[in-house]
Each structure stands twice: as C-alpha cells, then as structure tokens.
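Scroll down for the structure; my scribbles are underneath it.
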Amino acid sequence: MNKSKTIEIQKARFSESPWIKRGLIGTALFFLGIFLFGPILVVFLNAFGKGIGPYWRALTEPAAISAIRLTLWVAAIVVPCNLIFGLAAAWAVTKFNFFGKKILLALIDLPFTVSPVIAGLIFVLLFGARGIFGPWLQAHNIRILFSVPGIVLATIFVTFPFVAREIIPLMQSQGNEEETAAVILGANGWQTFFRVTLPNIKWGLLYGVILCNARAMGEFGAVSVVSGHIRGLTNTIPLHVEILYNEYNFTAAFAVSSLLMFLAFVTLVVKHWIERRSRKEYCGL
Amino acid sequence: MSIEVQRIVKTFGSFTALNGVNFRIAPGELVALLGPSGSGKTTLLRIIAGLEIPDSGTVLFDGLDVSSRKVKERQVGFVFQHYALFRHMTVFDNVAFGLNVRPRRVRPSQEAIKLKVFELLKLVRLEGMALRYPSQLSGGQRQRVALARALAIEPKMLLLDEPFGSLDAKVRKELRQWIRELHDKLHMTSVFVTHDQEEALEVADRIVVMNEGKIEQIGTPDEVYHHPASPFVSHFLGSVNLFHCRLEGGKILFGNAPADSGKTEGKQEARNATVYIRPHLLDIEYSAPANGNYFRAKVKSINAAGPLVRVELTTEWDALVQVEISHERYQYLGLKKDAAVFAIPKEVKVFTEDYSI
C-alpha cells in the first residue's frame, strides 16, 4: 500500500490531471472569447450592420478623410523620428560606456510607465497658454498645442520606447566584435554601420518599427489632451471615432474603428512574417 | 616589419593590466604571448593593434612611433578569439570585406577582388566554401575564414587572440601545426596570445611569458622551458614539483636529508630556497646513490595510462611529489604501491628568496 502511494504521488507530480489541463485551456479560450473575439465581432457587425453603403459613406465623409490623412501624416513623421532615436539610443547604450547610461536606459522606459494622459498634460504644461514656453510661443505666433506639432510631439513621446526596446537586447547579445573587426579591416563609421550593424539588426528593427507604427496610429490618450478635437483639422482616427460615438453615430463610429482593426490585423501578419524570417536567419547560426 | 613596445602601462579603473612592458619582435618572427588569464596578454595585443590606448608608453612599427595612428591606419591583420565573422555575409563576402570598404581610388576591381579572395581561400583550404555562411562552418573552418579575412588586406603583421581557444583538442592540434606551416610560408611578423603553454612551446619562435601585467621571461621555447627565469615561469610551463628547503654549502636540504643542488652558482651561505623539479627529471631507485643526491619517499599511487608512467610519492616530510618515468623503467623496477624508494633529482632549479619575486 505504501508503495502504490509513492507511485501515485510521483504521477501527480509529473503529469497534471486532465481536469486541470481542460480547465486551463477553457479559461484561456473563455477570456480570449470575451475580451478579443467578441469585441472584434461587435465592431464588424456594427460597422456593416446597415450595409456597405453607410459604411463607405462613413469612411469617405470629409471629416473622416481628414482624420485618416492626419493619422497617416503623424505616423509618417513619428516613425522615422523614433527609428533614428531608437537606433541612436541603442547604439549609444550597447557600444559605449558612459556616465548616465543606466539613467538613459531607465528613461527610455518612462513612456511605457507613464499614463498617456499625463504624457499629453506634460506638453500642455510646457506649451499651453499658461505653460513655460506658452507666452514666448504666442508672441512668435507659433502654434504647438491644438495643432499638428502638438499631436506629433505627444505621439513621439508615447511611442519612442518601441524601436529602442526592441533592438537594445539584440545589440547587447551580439556585442561589438564584428564592428571591431570591420574597423580593423579598414571600414569607416558609416560602412561599419550599414554593412555590419544594420544587417544584423534589421529584423528586430523592422519589428520595432511595425509596433511603433501601430501605436502611433492608434494612440488616443496623449493625443486627446493636446489636439483640441478640432473636426477636420486636429482629429486623428481614434479621436474621430470618439466624437462619432459621442454623437450616437454608432455605424460611422464602428466603421472608422474597423480601419484601426484592419491596421491591427496587418500588423499581426507582418509581425508574424518578420518573426519567421528572423528565426530562419538566426537559427541557422 | 618589427614591433617594439616600450614601457607600456595600462590600467582599467583600479586594476593594472600592464605595468611597464618592454620587448621587441624581429621581422618575420612568430611570437607567443603566454600567461594566465588576467596577465595582460590580450590587452597588450589590443594595444599593438590600436584597439586599446595605453596610459603611457609607445608602440613602434619598424622603429616608427605609431601610438597616435588609428586602428585602420596600422594595417594589422587581427584574428579574434571568437572569430567575429560577419554572420550575415558569405565566406566570400567576409574575406572580401577589407577590400570592398577601401576608398574607390585604391579599391581593386571586382575581378581582382575575386581573384584575391579565391587565392586566399585556397591558402586556407576552403575553396569550396565561398558561398557558405559562417553558421554553416565548423569551428576550425571559421577560424581559417577569419585568418583569410585578416590576410586579405595584406597586413604588415598578424595578431591572433587565443586563436585556438574555442576549438576542440584534436582540431586545435591540427590547426596549430598548420599555422606554423603557414607562417613559414608567409614570413609575416605574427603575435598570438595563448594561455596554453603546450601551444606556445610548439608553435612559437619565441615566447613572452607574462604574469600580472609584467613580463616574466622572454626566450625561445627551449630557454623558457629548460631555463625558467623565475618560479612563476617554472610553474606555468609544465607541471613541476615545488620544495621549500634550506640551501647550505651547495647542498639542498630536503626536509633533513641533504642533496646535491647541482648548480649553486656561488650561492654558498645558508638560506631558504624554493626548489623546482619537473616530474620527468626525477628518477626512482631502490638503493641510495653514493653521491648523496636523493630523498626518501614512499609510493602513494601509480598511473600507467599514457606515454609515461606517473608515480605519486609521499616524502618523509609528508609532501606529495609527482614523478614521470618511462614504461621500460617502470617495468624494470617492478614498482608497487607503498614501496619505500629513493627519489633522485636529475636536474633541479633553485630560486633563493632574494632572487625570486
């Protein structure tokens, strides 16, 4: 009897009972269903609920087109900015030792830890009429808040960790021996960067850019604080959705939302593709 | 091209990596920098290459001070311990890299580069591997690619950092001989860093033995092995038995038994000394030799696997002594465990205390 007991205990230790397995899978699926598939379904059902005509009209009305255009513009400015910033920060952090390196690393994470609303408020406090630079800006007739520059600044702030965070671990794990080798072989700084460093981090970089882009297009909180919600002028897609929704224009609100949904799908597909490509390349090593 | 370093000092924070190092390497020499980890050998190599800047001291190539020259202007071929091959490039592109990044006016034509690369790949016996990626090569092959890549820029000298460090024992031995042959063919001044004394003894023309940022001895493999200049060298190059004893009137007192020290070189007055005897320079007898050059011991263990028989002895004063004798000698003696024997030093190295460091 004693012996059979030990065997039972061993069994229990090494294989879970089927009920635990089912329970875990069930819980995971239940949550996914409620919080992911359900909402997606709701968005599309509402968007196309009154047919394709109203859907199309919601997307092509001037305010919507203006919002789409602004969102694309913001992303087009923000993503390259953060690409350059991310590369510079990752390069500095991984290839050099300098005073304040740890502080820089911590600061890179700051936008992830700060609520986007606070991020927006920072810019209001800096550039608003009663902000630190407000009077000077007004005197020189420069508008930052409630116009495109403010939206761009807030979005840059919120999205700047994406690229840097993605490539810093990658560059850290690769070290700088290859770069040193390139320099000994006579390469200058640019040649070293474009021929050695960049090819080694390209997939990580692309991945970071994709995530950065998705967030830049979808950012609501920070942008909401600084944009001023001027319809047709300073509304991005997420802000436009909110306005439509508040006006009880549900079909239009969900129609425009579906654009962001499509963006999410595209991001996922590209992300998946990048992961497969990079795994193929690095696993060969 | 000759290399000379003068009074090189390098510190990292509070750690002194190099503390006043001087030596000269003649053109065409193959020199090993040998020492334990932390002895400063790799730092010295990197200083010669220009990858580290010394706190003080100068580096001269052919008598010219190159201390202020940048890495790329020094024209050195450098092989990294972990090869540092460009992982996203083929073997061909790796080797061609140094030529491809040259400014346009001095860059060879694509045709010429191709010829050069294949010539080098032939030299390192990797002709068929041009289109492979580094990940598809074995360790030894990667090492040879790294070498071909370093040679492509027609360097004035070749610097190798632990070139065999990350290879398995068999490949390491092959590559070692091959490097020696290659050096004899190219006659390029070469310096390699190693912590493996066997490697240094086998490959190098001369060995620079380093310890704690200083040079302990410079000499041919024969010199450093047979005439170590310090206890450290004696200890680091091969296994050695160490005795703390008294030196009196040309005799060594092992415990309380006197033995002839052989060479005393005028160190006549009594003093404490450290005596080093290599295991293969000890013989075993059942009877005491007439000249009194012996000490008593008991056989503790015998290991007959390998080219020599390793016998461990316990001395009268309870120290362990390693002895290596040939299989013939072992069979002739019919040595058994616990047998009482006389150990006879054939050659000893004495370091008195004022002499050692």
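By order in the structure tokens, chains are A, B, ...; within a chain, residues start at 1; ligands start at 1, following the order shown.
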
Give me the residues within 10 Å of Gln172 in chain A as a PDB file with N, CA and C atoms, in the first residue's frame, counting only C-alpha atoms and dropping any in the same chain fewer than 5 places off.
ATOM      1  N   ALA A  90      20.094  52.907 -28.903  1.00  0.00           N
ATOM      2  CA  ALA A  90      20.572  51.528 -28.789  1.00  0.00           C
ATOM      3  C   ALA A  90      22.070  51.472 -29.064  1.00  0.00           C
ATOM      4  N   TRP A  91      22.503  52.217 -30.068  1.00  0.00           N
ATOM      5  CA  TRP A  91      23.925  52.254 -30.414  1.00  0.00           C
ATOM      6  C   TRP A  91      24.739  52.775 -29.228  1.00  0.00           C
ATOM      7  N   VAL A  93      23.922  52.945 -26.080  1.00  0.00           N
ATOM      8  CA  VAL A  93      23.851  52.113 -24.882  1.00  0.00           C
ATOM      9  C   VAL A  93      24.678  50.835 -25.019  1.00  0.00           C
ATOM     10  N   THR A  94      24.693  50.270 -26.229  1.00  0.00           N
ATOM     11  CA  THR A  94      25.343  48.965 -26.357  1.00  0.00           C
ATOM     12  C   THR A  94      26.801  49.049 -26.787  1.00  0.00           C
ATOM     13  N   LYS A  95      27.184  50.103 -27.465  1.00  0.00           N
ATOM     14  CA  LYS A  95      28.554  50.116 -27.982  1.00  0.00           C
ATOM     15  C   LYS A  95      29.501  50.984 -27.145  1.00  0.00           C
ATOM     16  N   ILE A 167      15.604  46.721 -30.153  1.00  0.00           N
ATOM     17  CA  ILE A 167      16.944  46.390 -30.657  1.00  0.00           C
ATOM     18  C   ILE A 167      18.041  46.429 -29.599  1.00  0.00           C
TER      19      ILE A 167
END

Residues of chain B that have any atom at most 12 Å from an atom of chain A: could you tabulate them with the shortest-distance atom pair and the distance in Å to one decimal, using only C-alpha atoms, ordered by chain and increasing number, as CSV?
residue,atom,partner,partner_atom,distance
B:Arg46,CA,A:Ile184,CA,10.9
B:Ile48,CA,A:Ile184,CA,11.9
B:Ala49,CA,A:Ile184,CA,8.1
B:Gly50,CA,A:Ile184,CA,8.8
B:Leu51,CA,A:Thr180,CA,8.1
B:Glu52,CA,A:Thr180,CA,11.3
B:Lys70,CA,A:Ile184,CA,9.4
B:Val71,CA,A:Ile184,CA,5.9
B:Lys72,CA,A:Gly186,CA,4.7
B:Glu73,CA,A:Gly186,CA,7.7
B:Arg74,CA,A:Ile184,CA,8.5
B:Gln75,CA,A:Ile184,CA,7.7
B:Val76,CA,A:Ile184,CA,7.2
B:Gly77,CA,A:Ile184,CA,7.4
B:Phe78,CA,A:Ile184,CA,7.2
B:Val79,CA,A:Ala181,CA,8.3
B:Phe80,CA,A:Ala181,CA,7.9
B:Gln81,CA,A:Glu177,CA,9.8
B:His82,CA,A:Glu177,CA,8.5
B:Tyr83,CA,A:Glu177,CA,8.6
B:Ala84,CA,A:Glu178,CA,5.0
B:Leu85,CA,A:Glu178,CA,6.4
B:Phe86,CA,A:Glu178,CA,6.1
B:Arg87,CA,A:Asn200,CA,7.7
B:His88,CA,A:Asn200,CA,6.7
B:Met89,CA,A:Val196,CA,9.0
B:Asp93,CA,A:Arg195,CA,10.8
B:Asn94,CA,A:Ala182,CA,9.8
B:Val95,CA,A:Leu185,CA,9.9
B:Ala96,CA,A:Leu185,CA,9.9
B:Phe97,CA,A:Leu185,CA,7.4
B:Gly98,CA,A:Leu185,CA,4.7
B:Leu99,CA,A:Leu185,CA,8.2
B:Asn100,CA,A:Ala187,CA,8.9
B:Val101,CA,A:Ala187,CA,5.5
B:Arg102,CA,A:Gly186,CA,6.9
B:Pro103,CA,A:Ala187,CA,9.3
B:Arg107,CA,A:Gly186,CA,11.6
B:Arg132,CA,A:Gly284,CA,11.3
B:Tyr133,CA,A:Leu285,CA,8.7
B:Pro134,CA,A:Leu285,CA,7.6
B:Ser135,CA,A:Leu285,CA,4.3
B:Gln136,CA,A:Leu285,CA,7.3
B:Leu137,CA,A:Leu285,CA,9.5
B:Ser138,CA,A:Leu285,CA,11.1
B:Ala146,CA,A:Ala181,CA,9.6
B:Leu147,CA,A:Ala181,CA,11.7
B:Ala148,CA,A:Leu185,CA,11.7
B:Arg149,CA,A:Leu185,CA,8.3
B:Ala150,CA,A:Leu185,CA,7.2
B:Leu151,CA,A:Leu185,CA,9.6
B:Ala152,CA,A:Leu185,CA,8.7
B:Ile153,CA,A:Leu185,CA,6.9
B:Glu154,CA,A:Leu185,CA,10.1
B:Pro155,CA,A:Leu185,CA,9.3
B:Leu158,CA,A:Ile184,CA,11.6
B:Leu159,CA,A:Ile184,CA,11.1

Picked from range 85-329 of chain B by DSSP as helix (DSSP H, G or I), as a count of residues only: 90

Among the residues B:Val348, B:Val145, B:Leu308, B:Leu247, the one that comes closest to Pro228 in chain B [using only C-alpha atoms]: B:Val348

Residues of range 12-70 of chain B in strand (DSSP E), written as a PyMOL selection string: chain B and resi 12+15-25+30-34+56-61+64-65

Could you dump the residues just selected with N, CA and C atoms as a PDB file, in the first residue's frame?
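Final output, result_6.pdb:
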ATOM      1  N   PHE B  12      42.776  49.653 -15.911  1.00  0.00           N
ATOM      2  CA  PHE B  12      41.321  49.724 -16.048  1.00  0.00           C
ATOM      3  C   PHE B  12      40.784  50.002 -14.653  1.00  0.00           C
ATOM      4  N   PHE B  15      42.455  48.425 -11.579  1.00  0.00           N
ATOM      5  CA  PHE B  15      43.174  47.226 -11.988  1.00  0.00           C
ATOM      6  C   PHE B  15      44.293  47.583 -12.968  1.00  0.00           C
ATOM      7  N   THR B  16      45.514  47.167 -12.642  1.00  0.00           N
ATOM      8  CA  THR B  16      46.632  47.430 -13.551  1.00  0.00           C
ATOM      9  C   THR B  16      46.805  46.231 -14.463  1.00  0.00           C
ATOM     10  N   ALA B  17      46.453  46.432 -15.730  1.00  0.00           N
ATOM     11  CA  ALA B  17      46.532  45.326 -16.680  1.00  0.00           C
ATOM     12  C   ALA B  17      47.958  45.145 -17.177  1.00  0.00           C
ATOM     13  N   LEU B  18      48.651  46.257 -17.416  1.00  0.00           N
ATOM     14  CA  LEU B  18      50.031  46.194 -17.887  1.00  0.00           C
ATOM     15  C   LEU B  18      50.851  47.183 -17.093  1.00  0.00           C
ATOM     16  N   ASN B  19      51.995  46.729 -16.623  1.00  0.00           N
ATOM     17  CA  ASN B  19      52.776  47.568 -15.726  1.00  0.00           C
ATOM     18  C   ASN B  19      54.212  47.676 -16.228  1.00  0.00           C
ATOM     19  N   GLY B  20      54.406  48.506 -17.260  1.00  0.00           N
ATOM     20  CA  GLY B  20      55.756  48.731 -17.761  1.00  0.00           C
ATOM     21  C   GLY B  20      56.293  47.554 -18.554  1.00  0.00           C
ATOM     22  N   VAL B  21      55.751  47.369 -19.750  1.00  0.00           N
ATOM     23  CA  VAL B  21      56.141  46.226 -20.563  1.00  0.00           C
ATOM     24  C   VAL B  21      57.036  46.668 -21.726  1.00  0.00           C
ATOM     25  N   ASN B  22      58.145  46.001 -21.894  1.00  0.00           N
ATOM     26  CA  ASN B  22      59.076  46.292 -22.993  1.00  0.00           C
ATOM     27  C   ASN B  22      59.423  45.010 -23.726  1.00  0.00           C
ATOM     28  N   PHE B  23      59.372  45.026 -25.045  1.00  0.00           N
ATOM     29  CA  PHE B  23      60.041  43.959 -25.814  1.00  0.00           C
ATOM     30  C   PHE B  23      60.068  44.338 -27.289  1.00  0.00           C
ATOM     31  N   ARG B  24      60.839  43.573 -28.031  1.00  0.00           N
ATOM     32  CA  ARG B  24      60.948  43.830 -29.453  1.00  0.00           C
ATOM     33  C   ARG B  24      60.754  42.511 -30.183  1.00  0.00           C
ATOM     34  N   ILE B  25      59.995  42.580 -31.257  1.00  0.00           N
ATOM     35  CA  ILE B  25      59.781  41.392 -32.068  1.00  0.00           C
ATOM     36  C   ILE B  25      60.430  41.637 -33.417  1.00  0.00           C
ATOM     37  N   LEU B  30      57.536  34.628 -35.173  1.00  0.00           N
ATOM     38  CA  LEU B  30      56.239  34.185 -34.651  1.00  0.00           C
ATOM     39  C   LEU B  30      56.379  34.108 -33.139  1.00  0.00           C
ATOM     40  N   VAL B  31      55.707  35.022 -32.460  1.00  0.00           N
ATOM     41  CA  VAL B  31      55.902  35.167 -31.026  1.00  0.00           C
ATOM     42  C   VAL B  31      54.605  34.840 -30.283  1.00  0.00           C
ATOM     43  N   ALA B  32      54.728  34.130 -29.189  1.00  0.00           N
ATOM     44  CA  ALA B  32      53.559  33.832 -28.357  1.00  0.00           C
ATOM     45  C   ALA B  32      53.579  34.716 -27.121  1.00  0.00           C
ATOM     46  N   LEU B  33      52.449  35.312 -26.798  1.00  0.00           N
ATOM     47  CA  LEU B  33      52.283  35.980 -25.504  1.00  0.00           C
ATOM     48  C   LEU B  33      51.584  34.979 -24.606  1.00  0.00           C
ATOM     49  N   LEU B  34      52.307  34.468 -23.658  1.00  0.00           N
ATOM     50  CA  LEU B  34      51.787  33.379 -22.834  1.00  0.00           C
ATOM     51  C   LEU B  34      51.591  33.850 -21.403  1.00  0.00           C
ATOM     52  N   SER B  56      50.426  55.031 -20.825  1.00  0.00           N
ATOM     53  CA  SER B  56      51.709  55.607 -21.211  1.00  0.00           C
ATOM     54  C   SER B  56      52.512  54.537 -21.925  1.00  0.00           C
ATOM     55  N   GLY B  57      53.585  54.979 -22.562  1.00  0.00           N
ATOM     56  CA  GLY B  57      54.401  54.045 -23.320  1.00  0.00           C
ATOM     57  C   GLY B  57      54.159  54.179 -24.806  1.00  0.00           C
ATOM     58  N   THR B  58      55.037  53.592 -25.588  1.00  0.00           N
ATOM     59  CA  THR B  58      54.935  53.737 -27.039  1.00  0.00           C
ATOM     60  C   THR B  58      54.973  52.388 -27.729  1.00  0.00           C
ATOM     61  N   VAL B  59      54.356  52.371 -28.906  1.00  0.00           N
ATOM     62  CA  VAL B  59      54.406  51.205 -29.776  1.00  0.00           C
ATOM     63  C   VAL B  59      55.106  51.635 -31.051  1.00  0.00           C
ATOM     64  N   LEU B  60      56.117  50.885 -31.469  1.00  0.00           N
ATOM     65  CA  LEU B  60      56.863  51.236 -32.674  1.00  0.00           C
ATOM     66  C   LEU B  60      56.755  50.113 -33.695  1.00  0.00           C
ATOM     67  N   PHE B  61      56.419  50.494 -34.934  1.00  0.00           N
ATOM     68  CA  PHE B  61      56.472  49.528 -36.037  1.00  0.00           C
ATOM     69  C   PHE B  61      57.667  49.913 -36.891  1.00  0.00           C
ATOM     70  N   LEU B  64      59.136  53.180 -36.126  1.00  0.00           N
ATOM     71  CA  LEU B  64      58.300  54.389 -36.199  1.00  0.00           C
ATOM     72  C   LEU B  64      57.237  54.356 -35.110  1.00  0.00           C
ATOM     73  N   ASP B  65      57.093  55.455 -34.405  1.00  0.00           N
ATOM     74  CA  ASP B  65      56.084  55.527 -33.355  1.00  0.00           C
ATOM     75  C   ASP B  65      54.696  55.557 -33.980  1.00  0.00           C
TER      76      ASP B  65
END

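Here the question is which of B:Ala319, B:Leu160, B:Leu335, B:Pro279 gets nearest to Val299 in chain B using only C-alpha atoms, and that residue is B:Leu335.
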
All residues 12 Å or closer to range 230-234 of chain B, only C-alpha atoms, same chain fewer than 5 positions away omitted, as a PyMOL selection string: chain B and resi 34-36+39+197+207-212+214-219+221+223-225+239-244+273-278+348-357

Serialized selection, N, CA and C atoms, as a tab-separated table (two decimals), in the first residue's frame:
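Listing of part08.tsv after writing:
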chain	number	residue	atom	x	y	z
B	34	LEU	N	52.31	34.47	-23.66
B	34	LEU	CA	51.79	33.38	-22.83
B	34	LEU	C	51.59	33.85	-21.40
B	35	GLY	N	50.46	33.51	-20.83
B	35	GLY	CA	50.24	33.87	-19.43
B	35	GLY	C	48.87	33.43	-19.00
B	36	PRO	N	48.62	33.41	-17.70
B	36	PRO	CA	47.28	33.05	-17.22
B	36	PRO	C	46.30	34.18	-17.52
B	39	SER	N	46.67	38.26	-17.02
B	39	SER	CA	48.08	38.62	-17.02
B	39	SER	C	48.36	39.81	-17.94
B	197	GLN	N	50.40	26.56	-22.48
B	197	GLN	CA	51.85	26.51	-22.62
B	197	GLN	C	52.30	25.56	-23.73
B	207	ILE	N	58.83	33.04	-26.93
B	207	ILE	CA	57.69	33.14	-26.04
B	207	ILE	C	57.91	34.29	-25.08
B	208	VAL	N	56.88	35.11	-24.94
B	208	VAL	CA	56.90	36.15	-23.92
B	208	VAL	C	55.99	35.67	-22.80
B	209	VAL	N	56.57	35.32	-21.66
B	209	VAL	CA	55.75	34.82	-20.55
B	209	VAL	C	55.34	36.00	-19.70
B	210	MET	N	54.04	36.15	-19.51
B	210	MET	CA	53.53	37.30	-18.77
B	210	MET	C	52.79	36.86	-17.52
B	211	ASN	N	52.89	37.70	-16.49
B	211	ASN	CA	52.15	37.46	-15.26
B	211	ASN	C	51.86	38.79	-14.59
B	212	GLU	N	50.62	39.00	-14.23
B	212	GLU	CA	50.20	40.21	-13.52
B	212	GLU	C	50.74	41.49	-14.14
B	214	LYS	N	53.20	42.03	-16.08
B	214	LYS	CA	54.64	42.17	-16.28
B	214	LYS	C	55.17	41.00	-17.08
B	215	ILE	N	56.32	41.24	-17.71
B	215	ILE	CA	56.96	40.15	-18.43
B	215	ILE	C	57.86	39.39	-17.47
B	216	GLU	N	57.67	38.07	-17.41
B	216	GLU	CA	58.49	37.24	-16.53
B	216	GLU	C	59.74	36.79	-17.25
B	217	GLN	N	59.59	36.46	-18.51
B	217	GLN	CA	60.73	35.99	-19.27
B	217	GLN	C	60.42	36.06	-20.76
B	218	ILE	N	61.45	36.35	-21.54
B	218	ILE	CA	61.32	36.26	-22.99
B	218	ILE	C	62.40	35.31	-23.47
B	219	GLY	N	62.02	34.36	-24.28
B	219	GLY	CA	63.04	33.44	-24.77
B	219	GLY	C	62.46	32.43	-25.72
B	221	PRO	N	61.31	28.67	-26.93
B	221	PRO	CA	60.61	27.65	-26.15
B	221	PRO	C	61.60	26.84	-25.31
B	223	GLU	N	64.52	27.77	-24.11
B	223	GLU	CA	65.02	28.56	-22.97
B	223	GLU	C	64.00	28.65	-21.84
B	224	VAL	N	62.78	29.02	-22.19
B	224	VAL	CA	61.81	29.21	-21.11
B	224	VAL	C	61.44	27.90	-20.43
B	225	TYR	N	61.51	26.81	-21.19
B	225	TYR	CA	61.16	25.53	-20.57
B	225	TYR	C	62.29	24.99	-19.72
B	239	SER	N	54.12	20.88	-15.64
B	239	SER	CA	53.94	20.60	-14.22
B	239	SER	C	55.31	20.54	-13.56
B	240	VAL	N	55.31	20.83	-12.29
B	240	VAL	CA	56.58	20.92	-11.59
B	240	VAL	C	56.35	20.63	-10.11
B	241	ASN	N	57.33	20.01	-9.48
B	241	ASN	CA	57.26	19.78	-8.04
B	241	ASN	C	57.96	20.93	-7.32
B	242	LEU	N	57.34	21.39	-6.28
B	242	LEU	CA	57.89	22.53	-5.56
B	242	LEU	C	58.33	22.10	-4.17
B	243	PHE	N	59.56	22.49	-3.79
B	243	PHE	CA	60.05	22.17	-2.45
B	243	PHE	C	60.50	23.45	-1.78
B	244	HIS	N	60.10	23.63	-0.54
B	244	HIS	CA	60.66	24.72	0.25
B	244	HIS	C	61.76	24.12	1.09
B	273	ALA	N	65.34	28.42	0.33
B	273	ALA	CA	65.25	28.38	-1.12
B	273	ALA	C	64.00	27.64	-1.55
B	274	THR	N	63.58	27.93	-2.75
B	274	THR	CA	62.49	27.18	-3.35
B	274	THR	C	63.10	26.36	-4.48
B	275	VAL	N	62.82	25.11	-4.48
B	275	VAL	CA	63.42	24.23	-5.48
B	275	VAL	C	62.31	23.66	-6.36
B	276	TYR	N	62.55	23.73	-7.67
B	276	TYR	CA	61.57	23.20	-8.62
B	276	TYR	C	62.18	22.01	-9.33
B	277	ILE	N	61.46	20.93	-9.35
B	277	ILE	CA	61.94	19.77	-10.10
B	277	ILE	C	60.80	19.27	-10.97
B	278	ARG	N	61.02	19.19	-12.28
B	278	ARG	CA	59.99	18.68	-13.17
B	278	ARG	C	59.83	17.17	-12.96
B	348	VAL	N	67.64	20.16	-11.07
B	348	VAL	CA	66.78	20.98	-10.22
B	348	VAL	C	66.95	22.44	-10.59
B	349	LYS	N	65.95	23.20	-10.24
B	349	LYS	CA	66.03	24.65	-10.46
B	349	LYS	C	65.85	25.29	-9.10
B	350	VAL	N	66.84	26.06	-8.68
B	350	VAL	CA	66.79	26.65	-7.34
B	350	VAL	C	66.52	28.14	-7.43
B	351	PHE	N	65.55	28.59	-6.69
B	351	PHE	CA	65.30	30.03	-6.57
B	351	PHE	C	65.42	30.40	-5.11
B	352	THR	N	66.47	31.18	-4.77
B	352	THR	CA	66.57	31.62	-3.38
B	352	THR	C	65.68	32.82	-3.19
B	353	GLU	N	65.40	33.16	-1.94
B	353	GLU	CA	64.33	34.12	-1.70
B	353	GLU	C	64.61	35.52	-2.22
B	354	ASP	N	65.89	35.95	-2.12
B	354	ASP	CA	66.19	37.29	-2.64
B	354	ASP	C	66.13	37.31	-4.16
B	355	TYR	N	66.20	36.14	-4.74
B	355	TYR	CA	66.23	36.04	-6.19
B	355	TYR	C	64.82	36.01	-6.78
B	356	SER	N	64.00	35.25	-6.09
B	356	SER	CA	62.63	35.17	-6.59
B	356	SER	C	61.90	36.48	-6.27
B	357	ILE	N	60.69	36.59	-6.79
B	357	ILE	CA	59.99	37.87	-6.66
B	357	ILE	C	59.19	37.95	-5.37

Contacts of Arg57 in chain A at 12 Å (only C-alpha atoms; same-chain gap of 4+ positions) as a ChimeraX atom specification: /A:47-48,50-53,61-65,251-253,255-256

Quick one: write out the picked residues with N, CA, C and O atoms as a tab-separated table (two decimals), in the first residue's frame?
chain	number	residue	atom	x	y	z
A	47	ALA	N	-20.28	47.90	-37.81
A	47	ALA	CA	-19.78	48.68	-38.94
A	47	ALA	C	-20.56	48.36	-40.21
A	47	ALA	O	-20.91	49.25	-40.98
A	48	PHE	N	-20.82	47.08	-40.42
A	48	PHE	CA	-21.51	46.69	-41.65
A	48	PHE	C	-23.00	46.44	-41.40
A	48	PHE	O	-23.69	45.95	-42.28
A	50	LYS	N	-25.62	48.24	-41.26
A	50	LYS	CA	-26.60	48.87	-42.15
A	50	LYS	C	-26.16	48.77	-43.60
A	50	LYS	O	-26.54	49.57	-44.44
A	51	GLY	N	-25.31	47.82	-43.87
A	51	GLY	CA	-24.90	47.59	-45.26
A	51	GLY	C	-23.63	48.33	-45.61
A	51	GLY	O	-23.10	49.13	-44.85
A	52	ILE	N	-23.18	48.05	-46.81
A	52	ILE	CA	-21.89	48.57	-47.25
A	52	ILE	C	-21.97	50.06	-47.56
A	52	ILE	O	-20.99	50.79	-47.45
A	53	GLY	N	-23.16	50.52	-47.95
A	53	GLY	CA	-23.32	51.94	-48.32
A	53	GLY	C	-22.98	52.88	-47.18
A	53	GLY	O	-22.06	53.69	-47.31
A	61	GLU	N	-16.64	60.58	-45.76
A	61	GLU	CA	-17.06	61.95	-45.44
A	61	GLU	C	-15.82	62.79	-45.13
A	61	GLU	O	-14.81	62.26	-44.65
A	62	PRO	N	-15.85	64.08	-45.39
A	62	PRO	CA	-14.63	64.92	-45.29
A	62	PRO	C	-13.93	64.81	-43.94
A	62	PRO	O	-12.70	64.69	-43.90
A	63	ALA	N	-14.69	64.80	-42.84
A	63	ALA	CA	-14.05	64.75	-41.52
A	63	ALA	C	-13.27	63.45	-41.35
A	63	ALA	O	-12.17	63.43	-40.79
A	64	ALA	N	-13.84	62.34	-41.86
A	64	ALA	CA	-13.16	61.05	-41.74
A	64	ALA	C	-11.88	61.05	-42.57
A	64	ALA	O	-10.81	60.63	-42.12
A	65	ILE	N	-12.01	61.55	-43.81
A	65	ILE	CA	-10.83	61.58	-44.68
A	65	ILE	C	-9.74	62.43	-44.07
A	65	ILE	O	-8.56	62.07	-44.05
A	251	THR	N	-22.91	53.55	-36.28
A	251	THR	CA	-22.44	52.90	-37.50
A	251	THR	C	-21.15	53.53	-37.99
A	251	THR	O	-20.17	52.85	-38.29
A	252	ALA	N	-21.14	54.84	-38.04
A	252	ALA	CA	-19.95	55.54	-38.53
A	252	ALA	C	-18.78	55.29	-37.57
A	252	ALA	O	-17.65	55.03	-38.00
A	253	ALA	N	-19.07	55.35	-36.27
A	253	ALA	CA	-18.00	55.14	-35.28
A	253	ALA	C	-17.35	53.77	-35.48
A	253	ALA	O	-16.13	53.65	-35.53
A	255	ALA	N	-17.51	51.94	-38.17
A	255	ALA	CA	-16.91	51.84	-39.50
A	255	ALA	C	-15.47	52.36	-39.44
A	255	ALA	O	-14.54	51.72	-39.94
A	256	VAL	N	-15.30	53.52	-38.81
A	256	VAL	CA	-13.94	54.08	-38.72
A	256	VAL	C	-13.06	53.20	-37.82
A	256	VAL	O	-11.89	52.98	-38.10

Pick from B:Asn293, B:Lys41, B:Phe254, B:Arg329, whichever lies nearest to Thr315 in chain B using only C-alpha atoms: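 Residue with the minimum atom-to-atom distance to Thr315 in chain B: B:Phe254.
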
Nearest candidate to Ile168 in chain A (options A:Leu125, A:Ile108, A:Val117, A:Leu24; using only C-alpha atoms):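 With only C-alpha atoms as the atom set, the closest residue is A:Ile108.
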
For CA of Ser37 in chain B and CA of Leu320 in chain B, the interatomic separation in Å (one decimal):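 Computing it gives 26.9 Å between the two atoms.
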
Point-to-point distance from CA of Lys101 in chain A to CA of Ala88 in chain A, Å rounded to tenths: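 Distance between the two atoms: 13.0 Å.
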